[in-house]
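Here is the structure we will look at, set down as structure tokens.
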Amino acid sequence: MKKLMILAFVFAIISTANAQVKTPQASTFQTNTQIVGLTNVELSYSRPSMKGRKIFGNLVPYNKLWRTGANANTTISFDENVMIGGKIIKAGTYAIYTKPNMTSWEVYFYSDASNSGTPKNWDSEKVVATVKANVVSLPFEIETFTLQIDDVTNDTANLGMMWENVYIAVPIRFMTDSQVTESITSVMNGPSSGDYYTSAVYYLNAGKDIDKAKIWIDKAIEMRKNPAFWYYRQQSLIYAKSGDKKGAIKAAKESLKLAKEAGNNDYVALNTESLKIWEGKKPVNK
């Protein structure tokens with residue numbers, strides 16, 4: 001009985017040590033995603049609430065840089081280039097900082113998104129775009145700070161910010177038309193050099209129609225603007241597998257020459273070894 005009581009006491013201590021009190025976060029974290037045209041947009045931020053407080057001009061002072069949310073940086077990410085404030089913004093992740101005022105806000109897109117809050121040392125070189133957005137007064141209150149992508153069309157959208165009784169919108173233009181045009185042109189022009197190369201190498205390695213692989217690798221080399229030693233290397237292997245030893249030797253010599261010029265010792269060694277075998281200078285290992 002005494003041993004059971006001691007064992008129960010030990011388990012109670014372990015259980016107490018591992019127990020953790022869980023409470024809701026004061027500012028909950030949220031990630032929103034939105035596709036605009038062909039571009040993926042992601043918003044990540046922490047959402048403080050009013051809780052009976054006066055926000056703008058009080059909790060969030062006017063004319064002072066604000067982290068635009070709570071806790072870590074509020075960020076926006078694009079997987080394609082976009083245009084903000086008349087400037088091309090490259091695909092990537094940016095911190096959003098704002099300077100609220102009564103009638104308008106200044107909104108900054110900052111290339112360093114690793115800060116926690118506002119940067120200790122503000123670097124104007126990292127500001128990739130600045131937008132002045134007018135304040136729209138809402139006829140109701142928004143309890144929790146909210147970011148969203150509004151008014152979505154094929155090539156435009158607004159970054160909307162709401163809190164208390166204030167709404168602002170930052171216009172963003174997307175490169176949808178140029179992306180679609182490029183895609184149409186690419187498809188209508190047929191496969192690229194890389195498409196032919198990838199297909200040929202797959203057929204070689206998968207043991208499929210080697211004659212078709214020969215056609216594709218020849219087409220890949222013909223279409224490529226700059227000669228590539230790895231293209232000729234695969235051509236030599238495809239030709240060798242098809243039984244065209246003369247063609248294999250010619251391709252391997254070209255690959256060897258280009259590999260030497262590029263300083264790629266691995267391909268120099270591979271081609272040298274293959275040439276010894278195909279030229280009969282070294283027996284084939286069976």
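In the structure tokens, the first chain shown is A, the next is B, and so on; residue numbers restart at 1 for each chain, and ligands run from 1 in the order shown.
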(Q) Quick check for you: according to DSSP on this backbone, which residues of range 35-213 of chain A are classed as strand (DSSP E)? Reply as a count of residues only. (A) 84
Would you mind listing what lies within 9 Å of range 194-211 of chain A as an mmCIF file with C-alpha atoms, in the first residue's frame, with only C-alpha atoms counted and same-chain residues fewer than 5 positions away left out?
data_model
loop_
_atom_site.group_PDB
_atom_site.id
_atom_site.type_symbol
_atom_site.label_atom_id
_atom_site.label_comp_id
_atom_site.auth_asym_id
_atom_site.auth_seq_id
_atom_site.Cartn_x
_atom_site.Cartn_y
_atom_site.Cartn_z
ATOM 1 C CA TRP A 216 14.079 15.024 -79.617
ATOM 2 C CA ILE A 217 17.689 15.466 -78.451
ATOM 3 C CA ASP A 218 18.698 16.662 -81.931
ATOM 4 C CA LYS A 219 15.826 19.146 -81.863
ATOM 5 C CA ALA A 220 16.807 20.328 -78.371
ATOM 6 C CA ILE A 221 20.390 21.049 -79.482
ATOM 7 C CA ARG A 224 19.281 25.973 -77.999
ATOM 8 C CA TYR A 231 23.011 18.401 -73.899
ATOM 9 C CA GLN A 234 22.955 13.068 -73.340
ATOM 10 C CA GLN A 235 23.038 13.072 -77.148
ATOM 11 C CA LEU A 237 24.429 8.400 -74.687
ATOM 12 C CA ILE A 238 21.241 8.286 -76.785
ATOM 13 C CA TYR A 239 23.214 7.736 -79.988
ATOM 14 C CA LYS A 241 22.167 3.235 -77.108
ATOM 15 C CA SER A 242 20.651 3.414 -80.601
#
Q: Considering only C-alpha atoms, return as a PyMOL selection string whatever protein or nucleic-acid residues lie within 8 Å of range 71-83 of chain A, sequence-local ones (same chain, fewer than 4 positions apart) excluded.
A: chain A and resi 27+39-46+67+87-97+113-118+172-175
Q: Apply DSSP to the backbone of this structure and, from range 61-226 of chain A, keep only the residues in helix (DSSP H, G or I); write these as an MDAnalysis selection string.
A: chainID A and resid 124:126 176:188 193:206 210:223
Q.
One number please: CA of Thr181 in chain A to CA of Ile35 in chain A, in Å, one decimal.
A.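 Rounded to one decimal, the two atoms are 18.2 Å apart.
You will find CA of Ser255 in chain A at 7.0 Å from CA of Asn271 in chain A.
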Q: Could you check which of A:Asn63, A:Asn101, A:Thr144, A:Thr176 is closest to Thr28 in chain A, using only C-alpha atoms?
A: A:Thr144
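With CA of Lys132 in chain A on one side and CA of Gly37 in chain A on the other, the separation reads 24.7 Å.
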Q | Distance query Ile149 in chain A at most 10 Å, only C-alpha atoms, self and fewer than 2 positions along chain excluded, as a list in words | A |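 Within the cut-off, the hits are Asn32, Thr33, Gln34, Ile35, Val36, Val41, Glu42, Leu43, Leu147, Asp151, Val152, Ala157, Asn158, Leu159, Gly160, Met161, Ala169, Val170, Pro171 and Ile172 of chain A.
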Selection above as a file: N, CA and C atoms, as a CSV table (one decimal), in the first residue's frame:
chain,number,residue,atom,x,y,z
A,32,ASN,N,-4.0,34.8,-44.8
A,32,ASN,CA,-5.0,34.8,-45.9
A,32,ASN,C,-4.3,34.6,-47.2
A,33,THR,N,-4.9,33.8,-48.1
A,33,THR,CA,-4.4,33.6,-49.4
A,33,THR,C,-5.5,34.0,-50.5
A,34,GLN,N,-5.0,34.5,-51.6
A,34,GLN,CA,-5.9,35.0,-52.6
A,34,GLN,C,-5.2,34.9,-54.0
A,35,ILE,N,-5.8,34.3,-55.0
A,35,ILE,CA,-5.3,34.3,-56.3
A,35,ILE,C,-5.9,35.5,-57.1
A,36,VAL,N,-5.0,36.3,-57.6
A,36,VAL,CA,-5.5,37.4,-58.5
A,36,VAL,C,-4.9,37.2,-59.9
A,41,VAL,N,-1.3,35.5,-53.8
A,41,VAL,CA,-1.0,36.6,-52.8
A,41,VAL,C,-1.3,36.0,-51.4
A,42,GLU,N,-0.4,36.2,-50.5
A,42,GLU,CA,-0.5,35.7,-49.1
A,42,GLU,C,-0.3,36.9,-48.1
A,43,LEU,N,-1.2,37.0,-47.2
A,43,LEU,CA,-1.1,38.0,-46.1
A,43,LEU,C,-1.0,37.3,-44.8
A,147,LEU,N,-7.0,42.7,-42.4
A,147,LEU,CA,-6.4,42.9,-43.7
A,147,LEU,C,-7.0,41.9,-44.6
A,151,ASP,N,-11.9,43.8,-54.0
A,151,ASP,CA,-12.2,44.3,-55.3
A,151,ASP,C,-11.3,43.6,-56.4
A,152,VAL,N,-11.3,42.3,-56.3
A,152,VAL,CA,-10.4,41.5,-57.2
A,152,VAL,C,-11.0,41.5,-58.6
A,157,ALA,N,-6.4,44.6,-57.7
A,157,ALA,CA,-7.0,44.3,-56.5
A,157,ALA,C,-6.5,45.4,-55.5
A,158,ASN,N,-7.2,45.5,-54.4
A,158,ASN,CA,-6.9,46.4,-53.3
A,158,ASN,C,-6.4,45.6,-52.1
A,159,LEU,N,-5.4,46.1,-51.5
A,159,LEU,CA,-5.0,45.7,-50.1
A,159,LEU,C,-5.8,46.5,-49.2
A,160,GLY,N,-6.9,45.9,-48.6
A,160,GLY,CA,-7.8,46.6,-47.7
A,160,GLY,C,-7.4,46.5,-46.2
A,161,MET,N,-7.4,47.6,-45.5
A,161,MET,CA,-7.1,47.6,-44.0
A,161,MET,C,-8.3,48.2,-43.3
A,169,ALA,N,-7.5,51.6,-48.6
A,169,ALA,CA,-7.3,50.6,-49.7
A,169,ALA,C,-6.1,51.0,-50.5
A,170,VAL,N,-5.2,50.1,-50.7
A,170,VAL,CA,-3.9,50.3,-51.5
A,170,VAL,C,-4.1,49.5,-52.8
A,171,PRO,N,-4.1,50.2,-53.9
A,171,PRO,CA,-4.3,49.5,-55.2
A,171,PRO,C,-3.0,48.7,-55.6
A,172,ILE,N,-3.2,47.5,-56.1
A,172,ILE,CA,-2.1,46.7,-56.6
A,172,ILE,C,-2.5,46.3,-58.0
